[in-house]
Structure formats: C-alpha cells, structure tokens
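Enquirer: My file is data-v5.pdb. It has PDB, C-alpha atoms:
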MODEL        1
ATOM      1  CA  MET R   1     165.497 -99.369  76.904
ATOM      2  CA  LYS R   2     166.903 -96.489  74.887
ATOM      3  CA  THR R   3     170.675 -95.998  74.962
ATOM      4  CA  TRP R   4     172.886 -92.984  74.253
ATOM      5  CA  LYS R   5     176.651 -93.313  73.720
ATOM      6  CA  THR R   6     179.409 -90.743  73.973
ATOM      7  CA  ARG R   7     182.510 -90.613  71.797
ATOM      8  CA  ASN R   8     184.552 -91.774  74.795
ATOM      9  CA  GLY R   9     182.489 -94.943  75.103
ATOM     10  CA  SER R  10     180.248 -94.128  78.070
ATOM     11  CA  GLN R  11     176.695 -95.403  77.816
ATOM     12  CA  ILE R  12     173.540 -93.906  79.280
ATOM     13  CA  ILE R  13     170.650 -96.372  79.354
ATOM     14  CA  ARG R  14     167.104 -95.265  80.152
ATOM     15  CA  VAL R  15     166.098 -98.209  82.326
ATOM     16  CA  LEU R  16     162.688 -96.775  83.228
ATOM     17  CA  ALA R  17     160.528 -94.326  81.304
ATOM     18  CA  GLY R  18     156.983 -93.042  81.635
ATOM     19  CA  ARG R  19     156.155 -91.499  85.017
ATOM     20  CA  SER R  20     159.824 -90.670  85.666
ATOM     21  CA  ASN R  21     162.909 -91.572  83.688
ATOM     22  CA  VAL R  22     165.693 -93.480  85.408
ATOM     23  CA  PHE R  23     169.116 -93.598  83.774
ATOM     24  CA  LEU R  24     171.983 -96.055  84.173
ATOM     25  CA  LEU R  25     175.441 -94.678  83.407
ATOM     26  CA  SER R  26     177.938 -97.382  82.461
ATOM     27  CA  SER R  27     181.640 -97.418  81.693
ATOM     28  CA  GLY R  28     183.221-100.843  81.298
ATOM     29  CA  GLU R  29     181.997-102.920  84.238
ATOM     30  CA  LYS R  30     181.135 -99.916  86.410
ATOM     31  CA  TYR R  31     177.621 -98.546  86.853
ATOM     32  CA  ILE R  32     175.991 -95.465  88.353
ATOM     33  CA  LEU R  33     172.218 -95.117  88.680
ATOM     34  CA  ILE R  34     170.661 -91.673  88.307
ATOM     35  CA  ASP R  35     167.371 -91.357  90.235
ATOM     36  CA  THR R  36     165.009 -94.236  91.056
ATOM     37  CA  SER R  37     161.436 -93.206  90.096
ATOM     38  CA  PRO R  38     158.651 -93.592  92.727
ATOM     39  CA  GLY R  39     158.855 -96.404  95.259
ATOM     40  CA  ARG R  40     155.934 -98.264  93.690
ATOM     41  CA  ARG R  41     158.141 -98.925  90.638
ATOM     42  CA  TRP R  42     160.882-100.641  92.630
ATOM     43  CA  LYS R  43     160.162-104.169  91.379
ATOM     44  CA  LYS R  44     160.280-103.067  87.755
ATOM     45  CA  LEU R  45     163.496-101.122  88.341
ATOM     46  CA  ASP R  46     165.091-104.111  90.059
ATOM     47  CA  ARG R  47     164.043-106.409  87.196
ATOM     48  CA  ARG R  48     165.535-104.074  84.601
ATOM     49  CA  LEU R  49     168.839-103.811  86.457
ATOM     50  CA  ARG R  50     169.055-107.587  86.810
ATOM     51  CA  ARG R  51     168.268-107.988  83.099
ATOM     52  CA  LEU R  52     171.274-105.740  82.401
ATOM     53  CA  LYS R  53     173.326-107.974  84.734
ATOM     54  CA  VAL R  54     174.024-105.143  87.157
ATOM     55  CA  GLY R  55     175.114-106.722  90.431
ATOM     56  CA  ARG R  56     176.561-103.668  92.114
ATOM     57  CA  LEU R  57     176.351 -99.912  91.665
ATOM     58  CA  GLU R  58     179.281 -97.590  92.264
ATOM     59  CA  ALA R  59     176.803 -94.880  93.249
ATOM     60  CA  LEU R  60     173.220 -93.709  93.190
ATOM     61  CA  ILE R  61     172.970 -90.050  92.192
ATOM     62  CA  LEU R  62     169.779 -88.262  93.148
ATOM     63  CA  THR R  63     169.144 -85.192  91.039
ATOM     64  CA  HIS R  64     166.877 -84.025  93.886
ATOM     65  CA  SER R  65     164.824 -85.419  96.763
ATOM     66  CA  HIS R  66     161.266 -85.523  95.376
ATOM     67  CA  TYR R  67     159.436 -88.820  95.797
ATOM     68  CA  ASP R  68     159.336 -89.561  92.056
ATOM     69  CA  HIS R  69     163.148 -89.432  91.951
ATOM     70  CA  ALA R  70     164.173 -90.849  95.326
ATOM     71  CA  GLY R  71     161.301 -93.205  96.161
ATOM     72  CA  SER R  72     163.427 -96.375  95.983
ATOM     73  CA  ALA R  73     166.730 -94.864  97.134
ATOM     74  CA  ALA R  74     166.864 -96.876 100.379
ATOM     75  CA  ARG R  75     166.190-100.164  98.527
ATOM     76  CA  VAL R  76     168.782 -99.401  95.844
ATOM     77  CA  LYS R  77     171.369 -98.484  98.473
ATOM     78  CA  ASP R  78     170.749-101.698 100.401
ATOM     79  CA  LYS R  79     170.556-104.202  97.538
ATOM     80  CA  TYR R  80     173.177-102.759  95.184
ATOM     81  CA  LYS R  81     175.599-101.459  97.842
ATOM     82  CA  ALA R  82     175.484 -98.023  96.247
ATOM     83  CA  ARG R  83     176.882 -94.875  97.809
ATOM     84  CA  VAL R  84     174.124 -92.272  97.674
ATOM     85  CA  LEU R  85     175.080 -88.821  96.394
ATOM     86  CA  ALA R  86     172.768 -85.853  96.941
ATOM     87  CA  HIS R  87     173.136 -82.104  97.195
ATOM     88  CA  ARG R  88     173.573 -80.726 100.710
ATOM     89  CA  GLU R  89     170.341 -78.718 100.316
ATOM     90  CA  GLU R  90     168.426 -81.958  99.741
ATOM     91  CA  GLY R  91     170.087 -84.167 102.352
ATOM     92  CA  SER R  92     167.700 -83.480 105.218
ATOM     93  CA  PHE R  93     164.643 -84.110 103.006
ATOM     94  CA  LEU R  94     166.086 -87.397 101.795
ATOM     95  CA  ALA R  95     166.877 -88.501 105.354
ATOM     96  CA  LYS R  96     163.229 -87.897 106.305
ATOM     97  CA  GLY R  97     161.667 -89.229 103.111
ATOM     98  CA  ALA R  98     160.132 -85.833 102.439
ATOM     99  CA  ASN R  99     159.851 -83.614  99.377
ATOM    100  CA  ALA R 100     161.885 -80.442  98.990
ATOM    101  CA  VAL R 101     159.863 -77.264  98.431
ATOM    102  CA  ILE R 102     157.898 -77.067  95.194
ATOM    103  CA  ARG R 103     155.629 -74.509  93.552
ATOM    104  CA  GLY R 104     153.515 -74.451  90.426
ATOM    105  CA  THR R 105     154.857 -72.417  87.508
ATOM    106  CA  ILE R 106     151.577 -72.198  85.574
ATOM    107  CA  LEU R 107     148.061 -71.483  86.796
ATOM    108  CA  PRO R 108     146.776 -75.099  86.992
ATOM    109  CA  THR R 109     149.817 -76.341  88.908
ATOM    110  CA  ARG R 110     149.871 -73.259  91.165
ATOM    111  CA  LEU R 111     146.255 -73.938  92.121
ATOM    112  CA  LEU R 112     147.004 -77.623  92.655
ATOM    113  CA  VAL R 113     149.932 -76.955  94.968
ATOM    114  CA  ASP R 114     148.280 -74.062  96.827
ATOM    115  CA  HIS R 115     145.047 -75.901  97.576
ATOM    116  CA  LEU R 116     145.972 -79.577  97.761
ATOM    117  CA  ALA R 117     149.562 -79.676  99.024
ATOM    118  CA  LYS R 118     148.674 -80.562 102.628
ATOM    119  CA  TYR R 119     146.395 -83.383 101.463
ATOM    120  CA  LEU R 120     148.929 -84.740  98.982
ATOM    121  CA  ALA R 121     151.858 -84.714 101.435
ATOM    122  CA  PRO R 122     151.200 -88.219 102.849
ATOM    123  CA  LEU R 123     150.944 -89.621  99.315
ATOM    124  CA  VAL R 124     154.370 -88.342  98.255
ATOM    125  CA  SER R 125     156.393 -89.409 101.272
ATOM    126  CA  TYR R 126     158.842 -92.282 100.810
ATOM    127  CA  GLN R 127     161.222 -94.537 102.716
ATOM    128  CA  PRO R 128     163.961 -92.352 104.238
ATOM    129  CA  CYS R 129     167.498 -92.804 102.988
ATOM    130  CA  ARG R 130     170.623 -91.344 104.549
ATOM    131  CA  PRO R 131     172.968 -89.923 101.877
ATOM    132  CA  ASP R 132     176.631 -90.940 101.935
ATOM    133  CA  VAL R 133     178.067 -87.947 100.097
ATOM    134  CA  LEU R 134     176.627 -84.438 100.243
ATOM    135  CA  ILE R 135     177.510 -82.224  97.295
ATOM    136  CA  GLU R 136     177.870 -78.440  97.340
ATOM    137  CA  GLY R 137     179.707 -77.342  94.191
ATOM    138  CA  LYS R 138     180.942 -79.055  91.064
ATOM    139  CA  PHE R 139     181.865 -82.634  91.969
ATOM    140  CA  ARG R 140     183.901 -84.905  89.736
ATOM    141  CA  LEU R 141     183.081 -88.613  89.480
ATOM    142  CA  ASP R 142     186.617 -89.817  88.677
ATOM    143  CA  GLU R 143     186.816 -91.803  91.916
ATOM    144  CA  PHE R 144     183.784 -93.797  90.760
ATOM    145  CA  GLY R 145     185.426 -94.581  87.407
ATOM    146  CA  PHE R 146     183.661 -92.038  85.171
ATOM    147  CA  ASP R 147     184.700 -89.001  83.156
ATOM    148  CA  ALA R 148     181.709 -87.072  84.429
ATOM    149  CA  TYR R 149     180.812 -84.542  87.070
ATOM    150  CA  LEU R 150     177.870 -83.235  89.066
ATOM    151  CA  LEU R 151     176.788 -79.667  88.412
ATOM    152  CA  PRO R 152     174.416 -77.903  90.829
ATOM    153  CA  THR R 153     171.443 -76.670  88.774
ATOM    154  CA  PRO R 154     169.021 -75.264  91.381
ATOM    155  CA  GLY R 155     165.613 -73.858  90.612
ATOM    156  CA  HIS R 156     163.238 -76.789  90.431
ATOM    157  CA  SER R 157     164.354 -77.471  93.989
ATOM    158  CA  PRO R 158     167.063 -75.781  96.064
ATOM    159  CA  GLY R 159     169.578 -78.595  95.602
ATOM    160  CA  SER R 160     168.810 -79.914  92.136
ATOM    161  CA  MET R 161     171.847 -81.329  90.306
ATOM    162  CA  SER R 162     172.674 -82.440  86.771
ATOM    163  CA  VAL R 163     175.178 -85.079  85.645
ATOM    164  CA  ILE R 164     177.536 -83.999  82.836
ATOM    165  CA  VAL R 165     178.876 -87.057  80.991
ATOM    166  CA  ASP R 166     182.022 -86.744  78.840
ATOM    167  CA  ASP R 167     181.094 -83.088  78.193
ATOM    168  CA  GLU R 168     178.562 -84.392  75.652
ATOM    169  CA  ILE R 169     175.324 -85.378  77.398
ATOM    170  CA  ALA R 170     173.698 -83.919  80.494
ATOM    171  CA  VAL R 171     171.217 -85.852  82.640
ATOM    172  CA  VAL R 172     169.263 -82.969  84.135
ATOM    173  CA  GLY R 173     166.522 -84.330  86.402
ATOM    174  CA  ASP R 174     163.740 -81.743  86.574
ATOM    175  CA  ALA R 175     165.916 -78.740  85.697
ATOM    176  CA  MET R 176     163.901 -78.900  82.488
ATOM    177  CA  PHE R 177     161.106 -81.071  81.089
ATOM    178  CA  GLY R 178     160.741 -82.834  77.745
ATOM    179  CA  VAL R 179     156.991 -83.366  77.941
ATOM    180  CA  PHE R 180     155.635 -80.334  76.101
ATOM    181  CA  PRO R 181     156.511 -79.970  72.378
ATOM    182  CA  GLY R 182     158.775 -76.996  71.741
ATOM    183  CA  SER R 183     159.235 -76.225  75.423
ATOM    184  CA  ALA R 184     161.617 -77.208  78.210
ATOM    185  CA  PHE R 185     159.757 -75.273  80.934
ATOM    186  CA  PRO R 186     158.672 -77.448  83.903
ATOM    187  CA  PRO R 187     155.170 -77.132  85.377
ATOM    188  CA  TYR R 188     156.726 -77.089  88.857
ATOM    189  CA  ALA R 189     159.711 -75.181  90.244
ATOM    190  CA  ALA R 190     160.641 -73.621  93.563
ATOM    191  CA  ASP R 191     162.400 -70.667  91.887
ATOM    192  CA  THR R 192     161.976 -70.142  88.136
ATOM    193  CA  GLY R 193     164.622 -67.402  88.040
ATOM    194  CA  ARG R 194     167.295 -69.731  89.422
ATOM    195  CA  MET R 195     166.080 -72.497  87.139
ATOM    196  CA  VAL R 196     166.607 -70.364  84.039
ATOM    197  CA  GLU R 197     170.048 -69.368  85.352
ATOM    198  CA  SER R 198     170.786 -73.090  85.614
ATOM    199  CA  TRP R 199     169.909 -73.489  81.931
ATOM    200  CA  GLY R 200     172.642 -70.948  81.280
ATOM    201  CA  LYS R 201     175.074 -73.054  83.314
ATOM    202  CA  LEU R 202     174.131 -76.135  81.321
ATOM    203  CA  LEU R 203     174.562 -74.259  78.039
ATOM    204  CA  ALA R 204     178.001 -73.159  79.219
ATOM    205  CA  THR R 205     179.044 -76.807  78.858
ATOM    206  CA  PRO R 206     179.636 -78.327  75.402
ATOM    207  CA  CYS R 207     176.711 -80.754  75.922
ATOM    208  CA  ARG R 208     174.643 -81.422  72.804
ATOM    209  CA  LEU R 209     171.798 -83.341  74.461
ATOM    210  CA  PHE R 210     169.906 -82.848  77.708
ATOM    211  CA  LEU R 211     168.062 -85.838  79.172
ATOM    212  CA  PRO R 212     165.245 -84.796  81.535
ATOM    213  CA  ALA R 213     163.454 -87.016  84.028
ATOM    214  CA  HIS R 214     160.139 -86.454  82.282
ATOM    215  CA  GLY R 215     159.821 -86.905  78.537
ATOM    216  CA  PRO R 216     162.351 -87.440  75.732
ATOM    217  CA  GLU R 217     165.678 -85.654  75.271
ATOM    218  CA  ASN R 218     165.964 -81.935  74.583
ATOM    219  CA  SER R 219     168.322 -80.645  71.904
ATOM    220  CA  ARG R 220     170.811 -77.874  72.542
ATOM    221  CA  ARG R 221     168.929 -75.732  70.026
ATOM    222  CA  LEU R 222     165.678 -76.046  72.023
ATOM    223  CA  VAL R 223     167.322 -75.276  75.371
ATOM    224  CA  TRP R 224     169.088 -72.236  73.868
ATOM    225  CA  LYS R 225     165.771 -70.975  72.441
ATOM    226  CA  GLU R 226     164.064 -71.418  75.826
ATOM    227  CA  TYR R 227     166.952 -69.782  77.660
ATOM    228  CA  VAL R 228     166.831 -66.695  75.415
ATOM    229  CA  LYS R 229     163.040 -66.514  75.706
ATOM    230  CA  ARG R 230     162.963 -66.785  79.498
ATOM    231  CA  SER R 231     166.091 -64.802  80.370
ATOM    232  CA  GLY R 232     166.232 -62.184  77.625
ATOM    233  CA  ARG R 233     169.958 -62.826  77.284
ATOM    234  CA  GLY R 234     171.651 -63.700  74.028
ATOM    235  CA  ARG R 235     168.956 -62.147  71.818
ATOM    236  CA  GLY R 236     170.152 -61.928  68.224
ATOM    237  CA  GLU R 237     172.955 -64.443  68.849
ATOM    238  CA  SER R 238     173.223 -67.870  67.294
ATOM    239  CA  ASN R 239     173.496 -70.865  69.583
ATOM    240  CA  PRO R 240     177.192 -70.966  70.557
ATOM    241  CA  ASN R 241     179.134 -73.914  71.903
ATOM    242  CA  ARG R 242     179.495 -72.058  75.169
ATOM    243  CA  VAL R 243     177.425 -69.338  76.843
ATOM    244  CA  SER R 244     179.375 -67.079  79.174
TER     245      SER R 244
ENDMDL
END
Please, can you express the file's structure as structure tokens?
Expert:
Amino acid sequence: MKTWKTRNGSQIIRVLAGRSNVFLLSSGEKYILIDTSPGRRWKKLDRRLRRLKVGRLEALILTHSHYDHAGSAARVKDKYKARVLAHREEGSFLAKGANAVIRGTILPTRLLVDHLAKYLAPLVSYQPCRPDVLIEGKFRLDEFGFDAYLLPTPGHSPGSMSVIVDDEIAVVGDAMFGVFPGSAFPPYAADTGRMVESWGKLLATPCRLFLPAHGPENSRRLVWKEYVKRSGRGRGESNPNRVS
C-alpha cells in the first residue's frame, strides 16, 4: 500500500489499486476514505482497512457517483459509521445506485458508449447509498479534523470533486487519468471543456502531486503540459506555482 506524506504530517494511503484506486486520508487517529472501488472489491477493501486498524471513518468522500467509485458506499457507511459526502449534482445518482452521465472522449470509447451503454447499464448499477452532506462549492474539512478541502472539478461528470490535502497533494478521482504515459486525458468525460477548466482550477492550487483514481500519480509538470495543450492558455509560460 503506497503512502504519501505532507509536510504537515497528513498521510494518504492507497489502500486499493488496479481497477480503481481507493485512498485513505489519515491525521492522527482520524480517517477519511476517498472512493470505494466497485462493489465486488468490498471484501478486499474491508480487509485492508482492518489491517490498518481503522475502526471508524470520519467520512467517506465520493469524487463522483460512478459504480467503480461508489460501489461499496452503502457498506462503508454502515460498517464504519462514515458520513457520506458527495456533490449535489451526484446525490440523486448515488441515492439510486446509478451512474452519472458519461461519454467517450476518443473514438473507441465513444463507440463503446454509443452502442453498448443500454446493455452495460445493469452491469454498472450498485447498492444505493443516501449521502449525508451534499457539496456545492469549496468545502473545508476542518470539522472532520483535517487541513483539507473539497474542490468541485466537473467535467468527467457534472459533480466530480477533488480533495486538496495541506495544499500539497490533490486526490482527483477521474478529473484526470494516470494510465497513459505522458498524458492525463481520460478516455471518458461528460464535458471535456469543463474538465480542462478543472485542470486549471487544480493548477491554481500549490499542489505538487495529483493522485487519480486510475493509474499512478501525475506530476504538476505533466498536468501543466496537458492543460496548455488542451486549453491553449499559458503558451510560452513556465509552470508557475499558481495559474490565474
């Protein structure tokens, strides 16, 4: 289980990798889980949390409501007494166990979604989970014991969110991918224009690393390069600490 640490002492542990990354944010004896992976991975997730001696979660943050991020949300909420935080745009999908809108961004995934979506729908449903807190704008996590905040980063889905930890590391869900070498561009997104704008929002933080739900971490340099390429903004500029 790979671990990242901030200068302020927060830890981010990747408790599940592979199909979808799941991250555990810890500070002292307090824990927040970020996403859950698909429901079929529940037993492995539960084992990993017990191995880390996690008995209770302050919260479960869902970066968005797709099945491979929220599939075990109801089980996590019940067993670990976690308050579930989701964006308001995703709340109704989560309560029904349904996926928010998605589209392919490249030809193979566009064809897949266009032609097979109705057949795949039953395979990507999951146990419904009613969220406890619905997020709209920037939302600080001080009340949960963390120097962190939620930042809406729509594009992959209407209510996608990222978690900014100690202004150093961002856990970004599917706002970007880490699967393809030299690229952060996801194969699926509801609105690629908004997604690229969200990269700009993430670059406007001082974060040096971006942890996606699929693949290894992305460096600030890579995200800046992708942002310039996809948006056309910042051409000829070096990668600054902040992007206005």
Enquirer: Can you list, as a ChimeraX atom specification, the residues that the PyMOL selection byres ((chain R and resi 198) around 9) selects here?
Expert: /R:152-155,175,193-197,199-203
Enquirer: Convert the output of the PyMOL selection byres ((chain R and resi 205) around 12) on the shown file into explicit residues, formatted as a PDB file with C-alpha atoms, keeping the file's coordinate frame.
Expert:
ATOM      1  CA  ALA R 148     181.709 -87.072  84.429  1.00  0.00           C
ATOM      2  CA  TYR R 149     180.812 -84.542  87.070  1.00  0.00           C
ATOM      3  CA  LEU R 151     176.788 -79.667  88.412  1.00  0.00           C
ATOM      4  CA  SER R 162     172.674 -82.440  86.771  1.00  0.00           C
ATOM      5  CA  VAL R 163     175.178 -85.079  85.645  1.00  0.00           C
ATOM      6  CA  ILE R 164     177.536 -83.999  82.836  1.00  0.00           C
ATOM      7  CA  VAL R 165     178.876 -87.057  80.991  1.00  0.00           C
ATOM      8  CA  ASP R 166     182.022 -86.744  78.840  1.00  0.00           C
ATOM      9  CA  ASP R 167     181.094 -83.088  78.193  1.00  0.00           C
ATOM     10  CA  GLU R 168     178.562 -84.392  75.652  1.00  0.00           C
ATOM     11  CA  ILE R 169     175.324 -85.378  77.398  1.00  0.00           C
ATOM     12  CA  ALA R 170     173.698 -83.919  80.494  1.00  0.00           C
ATOM     13  CA  SER R 198     170.786 -73.090  85.614  1.00  0.00           C
ATOM     14  CA  TRP R 199     169.909 -73.489  81.931  1.00  0.00           C
ATOM     15  CA  GLY R 200     172.642 -70.948  81.280  1.00  0.00           C
ATOM     16  CA  LYS R 201     175.074 -73.054  83.314  1.00  0.00           C
ATOM     17  CA  LEU R 202     174.131 -76.135  81.321  1.00  0.00           C
ATOM     18  CA  LEU R 203     174.562 -74.259  78.039  1.00  0.00           C
ATOM     19  CA  ALA R 204     178.001 -73.159  79.219  1.00  0.00           C
ATOM     20  CA  PRO R 206     179.636 -78.327  75.402  1.00  0.00           C
ATOM     21  CA  CYS R 207     176.711 -80.754  75.922  1.00  0.00           C
ATOM     22  CA  ARG R 208     174.643 -81.422  72.804  1.00  0.00           C
ATOM     23  CA  LEU R 209     171.798 -83.341  74.461  1.00  0.00           C
ATOM     24  CA  PHE R 210     169.906 -82.848  77.708  1.00  0.00           C
ATOM     25  CA  ARG R 220     170.811 -77.874  72.542  1.00  0.00           C
ATOM     26  CA  PRO R 240     177.192 -70.966  70.557  1.00  0.00           C
ATOM     27  CA  ASN R 241     179.134 -73.914  71.903  1.00  0.00           C
ATOM     28  CA  ARG R 242     179.495 -72.058  75.169  1.00  0.00           C
ATOM     29  CA  VAL R 243     177.425 -69.338  76.843  1.00  0.00           C
ATOM     30  CA  SER R 244     179.375 -67.079  79.174  1.00  0.00           C
TER      31      SER R 244
END
Enquirer: On this structure, which residues satisfy the PyMOL selection byres ((chain R and resi 24) around 9), written as a ChimeraX atom specification?
Expert: /R:11-15,22-23,25-26,31-35,49
Enquirer: Set the distance at 12 Å and use only C-alpha atoms: which residues neighbour stretch 70-72 of chain R once local chain neighbours fewer than 5 positions away are removed? I'd like the list as a ChimeraX atom specification.
Expert: /R:20-22,33-46,60-65,77-80,84-86,90-91,93-100,123-131,173,213
Enquirer: Put a box with edges along x, y and z around all the listed atoms of stretch 33-43 of chain R, pad it by 3 Å on each side, then give me its centre and sizes in Å, one decimal, as JSON.
Expert:
{"center_x": 164.1, "center_y": -97.8, "center_z": 91.8, "size_x": 22.3, "size_y": 18.8, "size_z": 13.0}
Enquirer: For each of R:Gly9, R:Val223, R:Trp4, R:Phe177, take the minimum atom-to-atom distance to R:Asp147, counting all atoms listed in the file, then give the residue where this is smallest.
Expert: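 Among the listed residues, R:Gly9 lies closest to R:Asp147.
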Enquirer: Which residues are near R:Pro216? Cut-off 8 Å, all atoms listed in the file, ignore same chain within fewer than 5 positions. Put them as JSON, numbers by chain.
Expert: {"R": [178, 179, 211]}
Enquirer: Could you tell me how far atom CA of R:Met161 sits from atom CA of R:Arg83, in Å to one decimal place?
Expert: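 Distance reported for this atom pair: 16.3 Å.
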Enquirer: What is the atom CA of R:Asp191 to atom CA of R:Ile135 distance in Å?
Expert: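 Computing it gives 19.8 Å between the two atoms.
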Enquirer: Rounded to one decimal place, report the atom CA of R:Glu136-atom CA of R:Pro158 distance in Å.
Expert: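 Between atom CA of R:Glu136 and atom CA of R:Pro158 the gap works out to 11.2 Å.
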Enquirer: Between R:Glu89, R:Glu143, R:Glu217, R:Glu58, which one has atoms that come closest to R:Ala17, using only C-alpha atoms?
Expert: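 Closest residue, counting only C-alpha atoms: R:Glu217.
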Enquirer: Tell me which of R:Leu222, R:Val133, R:Met1, R:Ala189 sits closest to R:Val101, counting only C-alpha atoms.
Expert: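 Selected residue with least distance to R:Val101: R:Ala189.
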